[in-house]
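What follows is a set of notes on a single structure, which appears directly below.
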Amino acid sequence: MKNQYKLKPVALAVGLGLFATAPTALAQQADETEVERESTIEEVVTTGSRLQGSAAAVVEERKNQAFVADILGAEQLSRSGDSDAASALRRVTGLTLVDGKFIYVRGLGERYSSARINGASIPSPDLTRNVVPLDIIPSTIIESMAVQKVFSPSMPAAFGGGNIDIRTRSLPDDFIFNVEAGVGLNSNADDGYTYNRNDDGIPDGIRDAIGRYQGDFSLRNIINTDGLSGSGNSAGDQARAINASLAKQLPRDMVLKEESLDPNFDLKATLGNSFDESWLGGTIGVLAAASYDNDWNVSERRNAVISNNAEAGCSTSLETAEDVSNSCYNTLSETTVTQETERLNGFFTAGYELDTHSVSYTKIYLEDSEDESEFGIKQSPNGSNLKTIAGTGIANREHEFKYEERVLNVDQFRGQHTFMDYWGIGFDWQYTESKAETEIPTEVSYRFDDIYNTDGSFSETRVTGDDNRAIFQFVDMEDNVKSYGGNFSLPLMFSGLELELKAGYDFVDKARYYNTSRFSLDNASGSRLSVLDDLDNVLGVTGYLTDEVIDENDFRITFREPGAPNADDYLAAQKIDAYYGEFDAIFDNTWRVSGGVRYEDFKQVSLATSSLIFDEQDLNNYFNPQRVVDSSISEDDVYTALSLTYMANDNYQLRFGYGETVVRPDLRETVPVAYYDPTTDIRTFGTAGLQSSDLRNYDARFEYYADNGDNYTVAAFYKDIENPIESVLRVGDEDYTLTYVNGESAEVYGVEFEWLHDLGYLANGFFTSGNLTWSDSEASIDPALAGNLTNPTKRMTGHSEYVANFQLNYDSANGEHSTSLVYNVFGERILAAGVGGREDAYEQPFHSLDLVYNYYPSFSSKIGFKVKNILGEDQEVTQSDILVRSKEVGTVVSLSYSYEF
């Protein structure tokens, strides 16, 4: 087994070389250095098994970075048992994971971080954000990830907390073929609620009718458009029949069924090889990987809007009249959610290497879908529209169904060239075209009234004659990105000085189209329709909308597309031209000075649009010149960076960094369209005229590397932000709305500590690793722009004052066993700012404790066992120390087996 682990550092070193951003100045000298490094790593593996795999290689790469970066290797991902990039990155110092998808760097929101694949910008399949939801990228295609926290000119200037570069798997040296299968169980997902989903999208007949009737399905418009006539009510009857025929095309067979859920399972396979060709003497390599996984989760959820006069001792229950009179809430909903997640991923790369030249092609296809059902009651002791069982004998019941498909498709060409006959000049380039598509072919919401007798017993469920009894929504989004660039590097050697000069170009062209179509089925007769008389059959209540009910009760379909200026669709485009120059100088192997400048020409426009554009007047309403100007950003600027490193010897180094960067508004944030943010579940509006935020970043870092492989890092950082983009809430009795404003200023500062420490003196094979971050922030918003924000000066939204990661690891001396106990926690963070006298709403710390065990029964096989969320923690949000949101997470136990042929 030891030989198996000794091979891994060599393979990883070769892999990392493929992704080096600057060609090596002196190839022969670098090869000699690499041989020495590999020899050292293998020698350490013999005496200290904790440096098996990629741990030593990624530490060496981090140590040699000109600008501060943290590196995660494939072996580290395997050790922590993380299945995707998002969950793995929360192990990095100062990073927290939000909603299982988005990474916050040093307490800054997702807008302050960016992600690239092999140095290329990629689109986002997320409906509400520019940033890529990193849960969509599986760990099976990742060779390593670099999180750069100090800006360098070769990085995009849109740099706040950090930039994440995901490096995909490199070409193999030899034949490789492995397969893996796994099963798992979620403690919350023994039984769940399923339904017959619709995945066909808008029915063709309704789509055609939107154009025919120009979005107006009223009887009057149908009569006028179709020229209906007749005696008496004949025209109206014909129009009602046409409207009913459209209503019957909507997907209505959505009845919940309780059933035992299948266990989670996943399948993975990798196949690759390399071949020497005799024509030119080069090497051809290919690698293909595929994976599929299916997961179930069932959770009880609570969502509430706190009352503005809530006090200590108020009631968080609405079961009795006394609870109602002393309630903490304006509204309270308690629901059960069943979610099925499917992921299908494909990866292919092929390349050719000849001497100091290599070219490659990479194809990435990632498909992700979520099917969700939710049902429960929503009560209101204080609101005017909603009711309370204890107060009035009426409760509002809601059943919701949602199916979402996301696809990320990437085609990338790359090349690395070193011209040894021309002073060792290097040239690296990449050309990438990628597309993200998201579709919601089913999103349906039903509303009912549950009626209770005076003795508290259930009477009936009924549908009233008001609007929005059933809402049907269909969403399409397409995001296309073209990214290409290259750089030249020139290594120079002088007495006591090693110098590398670099100049490069980056281009990004992005275009997004987003369309929402919303319909309602309402009881136009105005009468109350009883649809259920036995609460035991409540799962089937959504099946009441039969053809007969539509005809007999005059249910009518309405197209809910808002007109100008309140549209909920948009078009957006973004273009970035960037040029940069860098230098990296090492003096007497003691001082290292790196820096340079980057020039970016940035243009962005986001325009509200609608399916109701039928003529020139409609077109002018949406795209008049002033609206285009108000929704556009055009800026160009120069961004500088400087890094200074003192290298006393091989054991420690001291770094200082400074950088000027920018954070720009999201595509959707600059257009006044409405949407529900899935992270906060708050109705959100963009703001025209939102400005970019300028940042000045200061970093200091001390790194110590012991001879036995232990290493320790202490860092401090400070960020000064001008015009920070902050969220501002408005509140009604029943719900919140949110929009964005530019604050006056903000600052973030903190310290980080990281370690890798051998515990062999306590017990052979044990070692510990981890990191701690303490930080604080403050954002000031002009009270005139803060709406009814309770605290115009506050901590930045999403910022945690501390983040902690601990790992206790064990590697057996014979190499057959590997175990890690992995712990992560973040400090409470503002999820939504308080308004109307209410305090800020804080997401509470989530204590995540996972166990990962791997057993290697033979050279070619591995058995893996994993337990996630051992502590059984739930996600909770409090406001004024009152619980306003909770979500069960569950404990997941999984077992896997892999074999390498």
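Order determines the names: the first chain of the structure tokens is A, the second B, and so forth; residues in each chain are numbered 1 upward, and ligands are numbered 1 upward as they are shown.
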Pick out the residues sitting within 9 Å of Ser634 of chain A, and hand them over as a JSON list (two decimals) with all heavy atoms, in the first residue's frame; count only C-alpha atoms, and ignore anything fewer than 4 positions along from it in its own chain.
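Dumped everything to around04.json:
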[["chain", "number", "residue", "atom", "x", "y", "z"],
["A", 601, "ASP", "N", -12.04, 47.59, -19.12],
["A", 601, "ASP", "CA", -13.13, 48.35, -19.71],
["A", 601, "ASP", "C", -14.38, 47.50, -19.54],
["A", 601, "ASP", "O", -14.52, 46.45, -20.16],
["A", 601, "ASP", "CB", -12.84, 48.63, -21.19],
["A", 601, "ASP", "CG", -13.89, 49.51, -21.83],
["A", 601, "ASP", "OD1", -14.75, 50.04, -21.10],
["A", 601, "ASP", "OD2", -13.87, 49.66, -23.06],
["A", 602, "PHE", "N", -15.30, 47.98, -18.69],
["A", 602, "PHE", "CA", -16.47, 47.19, -18.29],
["A", 602, "PHE", "C", -17.74, 47.86, -18.78],
["A", 602, "PHE", "O", -17.94, 49.06, -18.59],
["A", 602, "PHE", "CB", -16.50, 47.05, -16.77],
["A", 602, "PHE", "CG", -17.73, 46.38, -16.24],
["A", 602, "PHE", "CD1", -17.82, 44.99, -16.20],
["A", 602, "PHE", "CD2", -18.81, 47.12, -15.78],
["A", 602, "PHE", "CE1", -18.95, 44.36, -15.71],
["A", 602, "PHE", "CE2", -19.95, 46.50, -15.28],
["A", 602, "PHE", "CZ", -20.02, 45.12, -15.25],
["A", 603, "LYS", "N", -18.62, 47.07, -19.40],
["A", 603, "LYS", "CA", -19.92, 47.56, -19.86],
["A", 603, "LYS", "C", -20.98, 46.54, -19.49],
["A", 603, "LYS", "O", -20.79, 45.33, -19.67],
["A", 603, "LYS", "CB", -19.93, 47.81, -21.36],
["A", 603, "LYS", "CG", -19.01, 48.91, -21.84],
["A", 603, "LYS", "CD", -19.08, 49.08, -23.35],
["A", 603, "LYS", "CE", -18.25, 50.26, -23.83],
["A", 603, "LYS", "NZ", -16.80, 50.03, -23.56],
["A", 604, "GLN", "N", -22.12, 47.04, -18.99],
["A", 604, "GLN", "CA", -23.23, 46.15, -18.62],
["A", 604, "GLN", "C", -24.55, 46.88, -18.81],
["A", 604, "GLN", "O", -24.67, 48.06, -18.51],
["A", 604, "GLN", "CB", -23.09, 45.71, -17.15],
["A", 604, "GLN", "CG", -24.25, 44.86, -16.64],
["A", 604, "GLN", "CD", -24.03, 44.38, -15.22],
["A", 604, "GLN", "OE1", -23.08, 43.65, -14.94],
["A", 604, "GLN", "NE2", -24.90, 44.79, -14.32],
["A", 605, "VAL", "N", -25.53, 46.15, -19.30],
["A", 605, "VAL", "CA", -26.87, 46.70, -19.42],
["A", 605, "VAL", "C", -27.86, 45.61, -19.04],
["A", 605, "VAL", "O", -27.69, 44.44, -19.39],
["A", 605, "VAL", "CB", -27.16, 47.21, -20.85],
["A", 605, "VAL", "CG1", -27.02, 46.11, -21.88],
["A", 605, "VAL", "CG2", -28.54, 47.86, -20.93]]
Quiz item: Contacts of segment 449-459 of chain A at 8 Å or less, counting only C-alpha atoms, minus same-chain residues fewer than 3 places along, as a VMD selection string?
Solution: chain A and resid 389 393 to 397 462 to 464 533 to 535
Can you write just those residues out, N, CA, C and O atoms, as a PDB file, in the first residue's frame?
ATOM      1  N   ILE A 389     -56.444  29.619  13.474  1.00  0.00           N
ATOM      2  CA  ILE A 389     -57.369  28.584  13.951  1.00  0.00           C
ATOM      3  C   ILE A 389     -57.955  28.975  15.302  1.00  0.00           C
ATOM      4  O   ILE A 389     -59.172  28.962  15.508  1.00  0.00           O
ATOM      5  N   GLY A 393     -61.143  30.256  13.860  1.00  0.00           N
ATOM      6  CA  GLY A 393     -61.562  28.957  13.353  1.00  0.00           C
ATOM      7  C   GLY A 393     -61.210  28.746  11.902  1.00  0.00           C
ATOM      8  O   GLY A 393     -61.704  27.807  11.282  1.00  0.00           O
ATOM      9  N   ILE A 394     -60.361  29.608  11.325  1.00  0.00           N
ATOM     10  CA  ILE A 394     -59.972  29.496   9.919  1.00  0.00           C
ATOM     11  C   ILE A 394     -58.443  29.535   9.824  1.00  0.00           C
ATOM     12  O   ILE A 394     -57.794  30.345  10.478  1.00  0.00           O
ATOM     13  N   ALA A 395     -57.897  28.667   9.008  1.00  0.00           N
ATOM     14  CA  ALA A 395     -56.467  28.696   8.718  1.00  0.00           C
ATOM     15  C   ALA A 395     -56.274  28.616   7.213  1.00  0.00           C
ATOM     16  O   ALA A 395     -57.038  27.933   6.514  1.00  0.00           O
ATOM     17  N   ASN A 396     -55.265  29.322   6.718  1.00  0.00           N
ATOM     18  CA  ASN A 396     -54.944  29.259   5.296  1.00  0.00           C
ATOM     19  C   ASN A 396     -54.035  28.062   5.028  1.00  0.00           C
ATOM     20  O   ASN A 396     -52.996  27.905   5.669  1.00  0.00           O
ATOM     21  N   ARG A 397     -54.449  27.242   4.106  1.00  0.00           N
ATOM     22  CA  ARG A 397     -53.647  26.079   3.719  1.00  0.00           C
ATOM     23  C   ARG A 397     -52.995  26.350   2.370  1.00  0.00           C
ATOM     24  O   ARG A 397     -53.634  26.890   1.457  1.00  0.00           O
ATOM     25  N   ARG A 462     -62.229  24.693   1.956  1.00  0.00           N
ATOM     26  CA  ARG A 462     -62.993  25.296   0.875  1.00  0.00           C
ATOM     27  C   ARG A 462     -62.146  26.279   0.081  1.00  0.00           C
ATOM     28  O   ARG A 462     -61.109  26.754   0.533  1.00  0.00           O
ATOM     29  N   VAL A 463     -62.642  26.563  -1.107  1.00  0.00           N
ATOM     30  CA  VAL A 463     -62.043  27.548  -2.002  1.00  0.00           C
ATOM     31  C   VAL A 463     -62.998  28.715  -2.098  1.00  0.00           C
ATOM     32  O   VAL A 463     -64.190  28.533  -2.379  1.00  0.00           O
ATOM     33  N   THR A 464     -62.493  29.912  -1.846  1.00  0.00           N
ATOM     34  CA  THR A 464     -63.332  31.110  -1.913  1.00  0.00           C
ATOM     35  C   THR A 464     -63.269  31.724  -3.300  1.00  0.00           C
ATOM     36  O   THR A 464     -62.580  31.232  -4.189  1.00  0.00           O
ATOM     37  N   ASP A 533     -63.834  17.294   3.166  1.00  0.00           N
ATOM     38  CA  ASP A 533     -64.583  17.223   4.415  1.00  0.00           C
ATOM     39  C   ASP A 533     -63.941  16.280   5.431  1.00  0.00           C
ATOM     40  O   ASP A 533     -64.491  16.041   6.497  1.00  0.00           O
ATOM     41  N   ASP A 534     -62.774  15.755   5.093  1.00  0.00           N
ATOM     42  CA  ASP A 534     -62.073  14.839   6.000  1.00  0.00           C
ATOM     43  C   ASP A 534     -60.587  15.151   5.934  1.00  0.00           C
ATOM     44  O   ASP A 534     -59.947  14.960   4.894  1.00  0.00           O
ATOM     45  N   LEU A 535     -60.030  15.632   7.029  1.00  0.00           N
ATOM     46  CA  LEU A 535     -58.637  16.058   7.053  1.00  0.00           C
ATOM     47  C   LEU A 535     -57.670  14.902   6.805  1.00  0.00           C
ATOM     48  O   LEU A 535     -56.524  15.115   6.418  1.00  0.00           O
TER      49      LEU A 535
END
Self-check item: Residue neighbourhood Gly486 of chain A, 8 Å, only C-alpha atoms, exclusion window fewer than 5 positions, as a PyMOL selection string
Solution: chain A and resi 427-430+504-506
Expected file contents, prior selection, all heavy atoms, as a tab-separated table (two decimals), in the first residue's frame:
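Output saved as part_34.tsv:
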chain	number	residue	atom	x	y	z
A	427	PHE	N	4.03	31.12	-23.36
A	427	PHE	CA	2.75	31.64	-23.85
A	427	PHE	C	1.66	30.66	-23.43
A	427	PHE	O	1.69	29.48	-23.79
A	427	PHE	CB	2.76	31.80	-25.37
A	427	PHE	CG	1.43	32.23	-25.94
A	427	PHE	CD1	0.80	33.40	-25.48
A	427	PHE	CD2	0.79	31.48	-26.91
A	427	PHE	CE1	-0.43	33.80	-25.99
A	427	PHE	CE2	-0.44	31.87	-27.43
A	427	PHE	CZ	-1.04	33.04	-26.97
A	428	ASP	N	0.71	31.14	-22.64
A	428	ASP	CA	-0.45	30.35	-22.21
A	428	ASP	C	-1.70	30.99	-22.78
A	428	ASP	O	-1.79	32.22	-22.86
A	428	ASP	CB	-0.56	30.31	-20.69
A	428	ASP	CG	0.66	29.67	-20.03
A	428	ASP	OD1	1.44	29.05	-20.75
A	428	ASP	OD2	0.81	29.83	-18.81
A	429	TRP	N	-2.67	30.18	-23.13
A	429	TRP	CA	-3.91	30.73	-23.68
A	429	TRP	C	-5.07	29.80	-23.36
A	429	TRP	O	-4.88	28.62	-23.05
A	429	TRP	CB	-3.79	30.92	-25.20
A	429	TRP	CG	-3.44	29.66	-25.94
A	429	TRP	CD1	-2.19	29.17	-26.22
A	429	TRP	CD2	-4.37	28.69	-26.48
A	429	TRP	NE1	-2.26	27.97	-26.89
A	429	TRP	CE2	-3.59	27.66	-27.07
A	429	TRP	CE3	-5.75	28.60	-26.52
A	429	TRP	CZ2	-4.15	26.56	-27.69
A	429	TRP	CZ3	-6.33	27.50	-27.13
A	429	TRP	CH2	-5.54	26.50	-27.71
A	430	GLN	N	-6.27	30.35	-23.42
A	430	GLN	CA	-7.49	29.56	-23.28
A	430	GLN	C	-8.61	30.21	-24.05
A	430	GLN	O	-8.69	31.44	-24.18
A	430	GLN	CB	-7.88	29.41	-21.80
A	430	GLN	CG	-8.30	30.68	-21.08
A	430	GLN	CD	-9.76	31.07	-21.25
A	430	GLN	OE1	-10.59	30.28	-21.67
A	430	GLN	NE2	-10.08	32.33	-20.94
A	504	GLY	N	-0.66	40.19	-20.41
A	504	GLY	CA	-1.74	39.36	-20.90
A	504	GLY	C	-3.00	40.13	-21.22
A	504	GLY	O	-3.10	41.35	-20.99
A	505	TYR	N	-3.98	39.38	-21.73
A	505	TYR	CA	-5.26	39.96	-22.15
A	505	TYR	C	-6.36	39.00	-21.75
A	505	TYR	O	-6.22	37.78	-21.87
A	505	TYR	CB	-5.26	40.17	-23.66
A	505	TYR	CG	-6.61	40.53	-24.25
A	505	TYR	CD1	-7.16	41.79	-24.04
A	505	TYR	CD2	-7.34	39.61	-25.00
A	505	TYR	CE1	-8.40	42.12	-24.58
A	505	TYR	CE2	-8.58	39.93	-25.55
A	505	TYR	CZ	-9.10	41.19	-25.32
A	505	TYR	OH	-10.33	41.53	-25.85
A	506	ASP	N	-7.48	39.55	-21.26
A	506	ASP	CA	-8.67	38.77	-20.92
A	506	ASP	C	-9.89	39.40	-21.58
A	506	ASP	O	-10.01	40.63	-21.61
A	506	ASP	CB	-8.92	38.75	-19.41
A	506	ASP	CG	-8.13	37.65	-18.71
A	506	ASP	OD1	-7.71	36.71	-19.39
A	506	ASP	OD2	-7.92	37.75	-17.49
Quiz prompt | Distance of atom CA of Ser606 of chain A from atom CA of Ile721 of chain A, expressed in Å to one decimal place | solution =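 Interatomic distance, atom CA of Ile721 of chain A to atom CA of Ser606 of chain A: 24.2 Å.
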Exercise. Would you mind reading off the distance between atom CA of Val728 of chain A and atom CA of Cys314 of chain A, one decimal, in Å?
Key: 26.6 Å
